[in-house]
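Chemist: Have a peek at input_33.txt (compact mmCIF, C-alpha atoms (C1' of nucleotides)).
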# COMPACT_ATOMS: atom_id res chain seq x y z
CA MET A 158 -2.36 14.55 10.26
CA THR A 159 -3.28 11.64 12.47
CA ASP A 160 -6.46 12.01 14.40
CA SER A 161 -7.19 13.80 17.59
CA ARG A 162 -5.46 14.29 20.91
CA GLN A 163 -4.80 11.53 23.43
CA GLU A 164 -1.73 9.40 22.98
CA PRO A 165 0.09 11.05 20.10
CA GLY A 166 0.84 8.89 17.11
CA LEU A 167 4.17 8.56 15.42
CA ALA A 168 3.26 11.26 12.93
CA VAL A 169 2.80 13.85 15.63
CA LEU A 170 5.86 12.69 17.53
CA LEU A 171 8.04 13.03 14.46
CA PHE A 172 6.69 16.51 13.97
CA ILE A 173 7.37 17.53 17.56
CA ALA A 174 10.92 16.21 17.60
CA ASN A 175 11.73 17.74 14.25
CA ARG A 176 10.35 21.12 15.20
CA ALA A 177 12.06 21.12 18.58
CA LEU A 178 15.44 20.50 17.04
CA GLU A 179 14.82 22.98 14.28
CA GLN A 180 13.74 25.61 16.77
CA ARG A 181 16.77 25.17 18.97
CA ALA A 182 19.09 25.45 15.99
CA THR A 183 17.27 28.50 14.67
CA ASP A 184 17.40 30.21 18.04
CA ALA A 185 21.09 29.46 18.39
CA VAL A 186 21.83 30.91 14.98
CA ALA A 187 19.91 34.04 15.84
CA ALA A 188 21.65 34.29 19.20
CA ALA A 189 24.97 34.07 17.40
CA GLY A 190 24.09 37.25 15.61
CA TYR A 191 22.72 35.91 12.34
CA THR A 192 19.38 37.62 12.49
CA ASP A 193 19.00 38.20 8.78
CA ILE A 194 18.19 34.64 7.89
CA THR A 195 14.79 32.96 7.97
CA LEU A 196 13.82 29.39 8.75
CA ALA A 197 12.98 28.60 5.15
CA GLN A 198 16.32 29.99 4.01
CA ALA A 199 18.15 28.00 6.68
CA ARG A 200 16.47 24.80 5.55
CA ILE A 201 17.90 25.35 2.11
CA ALA A 202 21.33 26.46 3.32
CA ALA A 203 21.59 23.42 5.57
CA ARG A 204 21.39 21.15 2.54
CA ILE A 205 24.18 22.66 0.52
CA GLY A 206 27.08 20.25 0.15
CA PRO A 207 30.80 20.99 0.46
CA GLY A 208 31.32 21.19 -3.28
CA GLY A 209 28.11 23.03 -3.95
CA THR A 210 24.65 21.78 -4.79
CA ARG A 211 22.22 22.44 -7.60
CA VAL A 212 19.00 24.28 -6.98
CA SER A 213 17.00 21.32 -8.22
CA GLU A 214 18.74 19.11 -5.72
CA LEU A 215 18.12 21.55 -2.89
CA ALA A 216 14.48 21.73 -3.88
CA ALA A 217 14.16 17.96 -3.75
CA GLN A 218 15.91 17.69 -0.39
CA ALA A 219 13.88 20.45 1.20
CA ARG A 220 10.67 19.21 -0.40
CA VAL A 221 9.75 22.39 -2.15
CA THR A 222 9.44 23.26 -5.82
CA LYS A 223 12.38 24.42 -7.86
CA GLN A 224 10.85 27.87 -7.96
CA SER A 225 10.64 28.10 -4.19
CA ALA A 226 14.20 26.89 -3.79
CA ALA A 227 15.44 29.33 -6.42
CA PHE A 228 13.66 32.14 -4.62
CA LEU A 229 15.29 31.27 -1.31
CA VAL A 230 18.72 30.84 -2.87
CA GLU A 231 18.32 34.28 -4.35
CA GLN A 232 17.69 35.72 -0.91
CA LEU A 233 20.65 33.88 0.53
CA GLU A 234 22.83 35.15 -2.27
CA THR A 235 21.75 38.73 -1.72
CA ALA A 236 22.54 38.36 1.97
CA GLY A 237 25.95 37.00 1.06
CA TYR A 238 25.53 33.52 2.50
CA VAL A 239 25.82 31.67 -0.78
CA GLU A 240 27.18 32.17 -4.26
CA ARG A 241 26.26 30.58 -7.57
CA VAL A 242 28.86 29.26 -9.94
CA PRO A 243 28.52 27.43 -13.25
CA ASP A 244 28.52 23.65 -13.01
CA PRO A 245 31.55 22.38 -14.96
CA SER A 246 29.83 19.10 -15.69
CA ASP A 247 26.61 20.58 -17.04
CA GLY A 248 26.24 23.80 -18.93
CA ARG A 249 22.63 24.21 -17.91
CA ALA A 250 23.26 23.92 -14.20
CA ARG A 251 24.70 26.21 -11.59
CA LEU A 252 26.12 25.13 -8.27
CA VAL A 253 25.07 26.89 -5.11
CA ARG A 254 27.95 27.12 -2.66
CA LEU A 255 28.28 28.43 0.87
CA THR A 256 30.48 31.49 1.32
CA GLU A 257 32.86 32.20 4.18
CA ARG A 258 30.19 34.32 5.78
CA SER A 259 28.01 31.29 6.35
CA ALA A 260 30.74 29.36 8.12
CA GLY A 261 30.08 30.88 11.53
CA MET A 262 26.38 30.38 11.07
CA ALA A 263 26.78 26.73 10.16
CA GLU A 264 29.04 26.23 13.14
CA ALA A 265 26.52 27.80 15.49
CA ALA A 266 23.77 25.58 14.11
CA ASN A 267 25.81 22.40 14.25
CA ALA A 268 27.03 23.10 17.76
CA GLU A 269 23.50 23.57 18.99
CA VAL A 270 22.27 20.44 17.25
CA ASP A 271 25.03 18.46 18.91
CA ARG A 272 24.11 19.98 22.23
CA VAL A 273 20.46 19.05 21.79
CA LEU A 274 21.29 15.52 20.73
CA GLY A 275 23.42 15.26 23.85
CA GLU A 276 20.47 16.27 25.97
CA TRP A 277 18.26 13.79 24.19
CA ALA A 278 20.76 10.99 24.67
CA GLU A 279 20.93 11.80 28.33
CA HIS A 280 17.17 11.72 28.65
CA VAL A 281 16.36 8.54 26.78
CA GLY A 282 19.72 6.80 26.70
CA ALA A 283 22.37 7.01 24.02
CA ASP A 284 21.70 3.45 22.91
CA ARG A 285 17.99 4.00 22.38
CA LEU A 286 18.60 7.25 20.56
CA ALA A 287 21.06 5.40 18.35
CA VAL A 288 18.32 2.96 17.41
CA VAL A 289 16.11 5.85 16.36
CA HIS A 290 18.92 7.17 14.21
CA ASP A 291 19.51 3.79 12.60
CA VAL A 292 15.87 3.10 11.95
CA LEU A 293 15.25 6.49 10.40
CA ARG A 294 18.29 5.99 8.22
CA ASP A 295 16.94 2.65 7.03
CA LEU A 296 13.54 4.19 6.54
CA ARG A 297 15.00 6.72 4.18
CA GLU A 298 15.29 4.00 1.59
CA ILE A 299 11.54 3.97 1.20
CA THR A 300 10.67 7.50 2.25
CA ASP A 301 13.24 9.41 0.25
CA PRO A 302 12.77 9.03 -3.49
CA TRP A 303 15.86 11.13 -4.06
CA ARG A 304 18.81 8.83 -3.23
CA MET B 2 19.66 22.50 9.85
CA THR B 3 22.64 20.27 10.37
CA ASP B 4 25.51 20.75 8.00
CA SER B 5 26.01 19.51 4.52
CA ARG B 6 25.33 16.34 2.61
CA GLN B 7 27.03 13.07 3.35
CA GLU B 8 25.54 10.85 6.03
CA PRO B 9 22.40 12.69 7.06
CA GLY B 10 22.12 13.64 10.71
CA LEU B 11 19.16 12.96 12.92
CA ALA B 12 17.77 16.40 12.19
CA VAL B 13 17.48 15.70 8.49
CA LEU B 14 16.20 12.19 9.05
CA LEU B 15 13.42 13.42 11.30
CA PHE B 16 12.50 15.93 8.64
CA ILE B 17 12.41 13.33 5.89
CA ALA B 18 10.31 10.85 7.83
CA ASN B 19 7.90 13.52 8.99
CA ARG B 20 7.46 14.93 5.53
CA ALA B 21 7.06 11.53 3.93
CA LEU B 22 4.25 10.61 6.27
CA GLU B 23 2.64 14.00 5.95
CA GLN B 24 2.79 13.80 2.18
CA ARG B 25 1.22 10.37 2.03
CA ALA B 26 -1.61 11.45 4.29
CA THR B 27 -2.15 14.63 2.31
CA ASP B 28 -2.23 12.75 -0.98
CA ALA B 29 -4.67 10.23 0.41
CA VAL B 30 -6.99 12.96 1.63
CA ALA B 31 -6.88 14.62 -1.77
CA ALA B 32 -7.47 11.29 -3.50
CA ALA B 33 -10.50 10.77 -1.31
CA GLY B 34 -11.99 13.88 -2.83
CA TYR B 35 -11.12 16.47 -0.20
CA THR B 36 -9.32 18.86 -2.50
CA ASP B 37 -10.37 22.05 -0.79
CA ILE B 38 -8.06 21.67 2.17
CA THR B 39 -4.44 22.74 2.40
CA LEU B 40 -1.54 21.23 4.29
CA ALA B 41 -1.45 24.03 6.85
CA GLN B 42 -5.18 23.66 7.43
CA ALA B 43 -4.83 19.91 7.80
CA ARG B 44 -2.10 20.33 10.40
CA ILE B 45 -4.51 22.34 12.49
CA ALA B 46 -7.49 20.08 11.89
CA ALA B 47 -5.45 17.02 12.85
CA ARG B 48 -4.93 18.45 16.30
CA ILE B 49 -8.54 19.08 17.20
CA GLY B 50 -9.65 16.83 20.05
CA PRO B 51 -12.93 14.92 20.36
CA GLY B 52 -14.51 17.49 22.63
CA GLY B 53 -13.12 20.45 20.78
CA THR B 54 -9.92 22.41 21.25
CA ARG B 55 -9.12 26.05 21.80
CA VAL B 56 -7.37 28.06 19.13
CA SER B 57 -4.52 28.83 21.52
CA GLU B 58 -4.04 25.14 22.14
CA LEU B 59 -4.07 24.37 18.42
CA ALA B 60 -1.52 27.10 17.85
CA ALA B 61 0.79 25.65 20.48
CA GLN B 62 0.46 22.12 19.13
CA ALA B 63 1.05 23.14 15.54
CA ARG B 64 3.85 25.52 16.51
CA VAL B 65 2.37 28.62 14.98
CA THR B 66 1.14 31.86 16.48
CA LYS B 67 -2.41 32.29 17.70
CA GLN B 68 -3.05 34.57 14.78
CA SER B 69 -1.96 31.98 12.24
CA ALA B 70 -4.03 29.30 13.91
CA ALA B 71 -7.06 31.59 14.05
CA PHE B 72 -6.64 32.34 10.38
CA LEU B 73 -6.56 28.67 9.46
CA VAL B 74 -9.49 27.83 11.70
CA GLU B 75 -11.42 30.54 9.93
CA GLN B 76 -10.70 28.92 6.57
CA LEU B 77 -11.70 25.51 7.90
CA GLU B 78 -14.91 26.96 9.30
CA THR B 79 -15.80 28.57 5.99
CA ALA B 80 -15.19 25.27 4.25
CA GLY B 81 -17.44 23.55 6.75
CA TYR B 82 -14.86 21.31 8.34
CA VAL B 83 -15.03 22.84 11.80
CA GLU B 84 -17.34 24.91 13.93
CA ARG B 85 -16.68 27.20 16.85
CA VAL B 86 -18.75 27.04 20.02
CA PRO B 87 -18.40 28.93 23.29
CA ASP B 88 -16.31 27.22 25.95
CA PRO B 89 -18.61 26.55 28.92
CA SER B 90 -15.69 26.65 31.31
CA ASP B 91 -14.28 29.97 30.15
CA GLY B 92 -16.24 32.89 28.80
CA ARG B 93 -13.28 34.20 26.86
CA ALA B 94 -12.59 31.01 25.00
CA ARG B 95 -14.22 29.22 22.10
CA LEU B 96 -13.88 25.57 21.29
CA VAL B 97 -13.07 24.50 17.76
CA ARG B 98 -14.80 21.25 16.91
CA LEU B 99 -14.79 18.99 13.91
CA THR B 100 -18.04 18.71 11.96
CA GLU B 101 -19.50 15.62 10.35
CA ARG B 102 -18.06 16.73 7.06
CA SER B 103 -14.54 16.21 8.33
CA ALA B 104 -15.20 12.65 9.46
CA GLY B 105 -14.50 11.11 6.07
CA MET B 106 -11.42 13.21 5.69
CA ALA B 107 -10.04 12.17 9.06
CA GLU B 108 -10.75 8.57 8.24
CA ALA B 109 -8.92 8.80 4.94
CA ALA B 110 -5.93 10.39 6.65
CA ASN B 111 -5.81 7.91 9.50
CA ALA B 112 -6.16 4.94 7.19
CA GLU B 113 -3.25 6.11 5.08
CA VAL B 114 -1.09 6.77 8.12
CA ASP B 115 -1.78 3.26 9.35
CA ARG B 116 -0.92 1.92 5.93
CA VAL B 117 2.38 3.80 5.86
CA LEU B 118 3.30 2.70 9.36
CA GLY B 119 2.63 -0.84 8.25
CA GLU B 120 5.03 -0.42 5.36
CA TRP B 121 7.61 1.05 7.66
CA ALA B 122 7.26 -1.78 10.14
CA GLU B 123 7.70 -4.24 7.35
CA HIS B 124 10.82 -2.50 6.16
CA VAL B 125 12.66 -1.99 9.44
CA GLY B 126 10.90 -4.43 11.71
CA ALA B 127 7.92 -3.79 13.94
CA ASP B 128 10.04 -4.06 17.05
CA ARG B 129 12.56 -1.46 15.94
CA LEU B 130 9.82 0.89 14.83
CA ALA B 131 8.22 0.44 18.22
CA VAL B 132 11.45 1.61 19.82
CA VAL B 133 11.36 4.74 17.73
CA HIS B 134 7.83 5.37 18.85
CA ASP B 135 8.72 4.87 22.50
CA VAL B 136 11.81 7.02 22.38
CA LEU B 137 10.05 9.88 20.65
CA ARG B 138 7.29 9.65 23.22
CA ASP B 139 9.80 9.91 26.04
CA LEU B 140 11.54 12.72 24.23
CA ARG B 141 8.36 14.70 24.22
CA GLU B 142 8.86 15.37 27.90
CA ILE B 143 11.75 17.66 27.11
CA THR B 144 10.85 18.78 23.60
CA ASP B 145 7.22 19.66 24.12
CA PRO B 146 6.75 22.57 26.52
CA TRP B 147 3.02 22.16 26.23
CA ARG B 148 2.24 19.03 28.26
C1' DT C 167 24.26 14.12 -37.86
C1' DC C 168 19.71 15.65 -37.11
C1' DT C 169 15.45 15.55 -34.72
C1' DT C 170 13.12 14.95 -30.44
C1' DA C 171 12.64 14.47 -25.52
C1' DT C 172 14.34 15.69 -21.20
C1' DT C 173 16.40 18.57 -17.74
C1' DA C 174 18.22 22.96 -15.23
C1' DG C 175 17.03 27.10 -14.36
C1' DA C 176 14.91 31.89 -15.12
C1' DC C 177 10.79 34.83 -15.10
C1' DA C 178 5.98 36.33 -13.99
C1' DG C 179 2.08 36.31 -11.19
C1' DA C 180 -1.16 34.83 -7.78
C1' DG C 181 -2.40 32.66 -3.66
C1' DT C 182 -1.33 31.08 0.98
C1' DC C 183 0.77 31.31 5.25
C1' DT C 184 2.87 33.63 9.12
C1' DC C 185 4.27 37.15 11.82
C1' DT C 186 4.27 41.74 14.72
C1' DG C 187 1.36 44.91 16.90
C1' DT C 188 -2.78 46.43 18.94
C1' DC C 189 -7.30 45.98 21.10
C1' DT C 190 -11.41 44.14 23.85
C1' DA C 191 -13.47 41.03 26.99
C1' DA C 192 -13.20 37.67 30.61
C1' DT C 193 -10.74 35.58 34.23
C1' DA C 194 -7.38 35.24 38.04
C1' DT C 195 -4.69 37.53 41.94
C1' DG C 196 -4.04 40.05 45.98
C1' DC D 64 -11.91 46.34 44.05
C1' DA D 65 -7.55 47.29 41.46
C1' DT D 66 -4.19 44.87 38.73
C1' DA D 67 -2.21 41.28 35.96
C1' DT D 68 -3.00 37.63 32.91
C1' DT D 69 -5.22 35.12 29.23
C1' DA D 70 -8.33 34.09 24.96
C1' DG D 71 -9.31 35.77 21.04
C1' DA D 72 -10.34 39.43 17.34
C1' DC D 73 -8.64 42.79 13.95
C1' DA D 74 -5.29 45.13 10.78
C1' DG D 75 -1.43 45.11 8.03
C1' DA D 76 2.95 43.73 6.24
C1' DG D 77 6.07 40.37 4.88
C1' DA D 78 7.58 35.75 3.63
C1' DC D 79 6.81 31.54 1.38
C1' DT D 80 5.06 28.48 -2.17
C1' DC D 81 2.79 27.24 -6.02
C1' DT D 82 1.19 26.93 -11.24
C1' DG D 83 2.48 28.18 -15.68
C1' DT D 84 5.57 29.52 -19.21
C1' DC D 85 10.03 30.15 -21.46
C1' DT D 86 15.06 29.54 -22.89
C1' DA D 87 19.23 27.03 -23.06
C1' DA D 88 21.83 22.78 -22.71
C1' DT D 89 22.08 17.91 -22.72
C1' DA D 90 20.65 13.13 -23.82
C1' DA D 91 18.59 9.65 -26.96
C1' DG D 92 17.32 7.62 -31.08
C1' DA D 93 16.74 7.30 -36.09
In C-alpha cells, how does this file's structure come out?
Modeler:
Amino acid sequence: MTDSRQEPGLAVLLFIANRALEQRATDAVAAAGYTDITLAQARIAARIGPGGTRVSELAAQARVTKQSAAFLVEQLETAGYVERVPDPSDGRARLVRLTERSAGMAEAANAEVDRVLGEWAEHVGADRLAVVHDVLRDLREITDPWR
Amino acid sequence: MTDSRQEPGLAVLLFIANRALEQRATDAVAAAGYTDITLAQARIAARIGPGGTRVSELAAQARVTKQSAAFLVEQLETAGYVERVPDPSDGRARLVRLTERSAGMAEAANAEVDRVLGEWAEHVGADRLAVVHDVLRDLREITDPWR
DNA sequence: TCTTATTAGACAGAGTCTCTGTCTAATATG
DNA sequence: CATATTAGACAGAGACTCTGTCTAATAAGA
C-alpha cells in the first residue's frame, strides 16, 4: 500500500511481521493436529473472550462484516470449536464461546506465539521489542475505533 | 491468533495497526476516484518496483501463491493499471510494470500513508515511532525469507 | 405507555480471492 | 546432452467477503 520496493516503509513492515507471526501460529496449530480450521476461522476464534463474545464484536475486532463473522462462527460451530448461547443481558444477542475442543488448539497457538516472540526478543533485544509493544498499544487509541 | 480479550498481545496489535493503515490508504485511493481497484489488487500493485517485478516475486512479497498473484495481476492489467513485458534477463519471466494510470493512485496512497504516520508520530512521539520502524526492519531478517 | 430509532443477528445471493494440481517453456546443472 | 529447477499459464474447486433485506429485541422520547 506504500509505494515500490527499496527500503520498505512501516506499512510493509507491519504487514510482514503480522503475517510471519500469523503463519507460525497457523502452522503450529496444524502441526498439533488441528487441520480442520482455516486462517479466517482462526482469526475469529482468537478473539473470543473467556466469557464469550458477540458476533458483532468479533466482526469489529477482526475487521470484517457481521455477515462474514457470522459465516465463520457457523463453520467453527459445526466443527465443534465454539458454541452459541443466549446473552443474558440482551435478548437479541448470542454469545459465542469456545468449547473444550478448542482448548488444545488455543494452547498450541499461544505456545507458538510465545516462542516466536522469544526469538524476536533475542534478535532485536527484549527492551526494544517491549517498546514496539508499548507504542502499538498506545497507537490503538487512535487506530482502533472499537475500545 | 493469540488468546482471548484482555490486554491485547503483540500479534493482535500488529494486526490492528496494519489494518488501520491499510484501511486509511484504501479509503484515500477510493476518495481520489480510483474505485475500480480492490484491496487484494492494491496489495499486489503496492509491491511493484520501479523497473517492474515478476509475478513470482509479487506473490512472495504479498504472501499469496503464484496463481493468486497472477490472477490479481490479470485484473490490474485489464483495468489498465499495469502492463506485462518480457524480462530481458530471463526468457521464461515477464515483468509487471505500473502504467501511467496508476501514478495518481500511488500518489494518493502514499500521501495518505504519510499523513497517517504523521498522526501516529504526533500521538506516540516521533522518536518512539522511529524505534518501531527500526525494530521491525531488523525483524525482517528473520521474518522475511525472501531477502 | 406508545411510537420511533437503533441494534443484534439471520437469510439470500453474488462477487472476489485463494488454493491444489497440472502443464509448457526456458534456464541451470552435471 | 540428459536432468532438475524455475517462471508462468490454465483449469477447477473451495473459501471468504460483501451488499441488501428481514425479524426480533432494546433504547429513547413524546
Chemist: Using 10 Å as the limit and counting only C-alpha atoms (C1' of nucleotides), can you tabulate each residue of chain A that touches chain C, with its shortest atom-to-atom distance in Å and the two atoms involved, as a Markdown table?
Modeler:
| residue | atom | partner | partner_atom | distance |
| --- | --- | --- | --- | --- |
| A:Arg211 | CA | C:DA174 | C1' | 8.6 |
| A:Val212 | CA | C:DG175 | C1' | 8.1 |
| A:Ser213 | CA | C:DA174 | C1' | 7.3 |
| A:Lys223 | CA | C:DG175 | C1' | 8.4 |
| A:Gln224 | CA | C:DG175 | C1' | 8.9 |
| A:Ala227 | CA | C:DG175 | C1' | 8.4 |
| A:Asp247 | CA | C:DA174 | C1' | 8.9 |
| A:Gly248 | CA | C:DA174 | C1' | 8.9 |
| A:Arg249 | CA | C:DA174 | C1' | 5.3 |
| A:Ala250 | CA | C:DA174 | C1' | 5.2 |
| A:Arg251 | CA | C:DA174 | C1' | 8.1 |
Chemist: State, in Å with one decimal place, the distance from C1' of DG71 in chain D to CA of Pro89 in chain B.
Modeler: 15.3 Å
Chemist: Go through B:Pro9, B:Gly81, B:Gly119, B:Gly105 and flag the residue nearest chain A, using all atoms listed in the file for the distances.
Modeler: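 So, comparing all the options, the nearest one is B:Pro9.
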Chemist: Kindly give the distance, in Å, that separates CA of Asp145 in chain B and CA of Ala177 in chain A, rounded to a single decimal.
Modeler: 7.5 Å
Chemist: Compare A:Leu215, A:Ala226, A:Ala187, A:Ala168 by their minimum atom-to-atom distance to chain B, counting all atoms listed in the file, and give me the closest one.
Modeler: A:Ala168
Chemist: What separation in Å, quoted to one decimal, exists between CA of Arg241 in chain A and CA of Arg254 in chain A?
Modeler: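 These atoms are spaced 6.2 Å apart.
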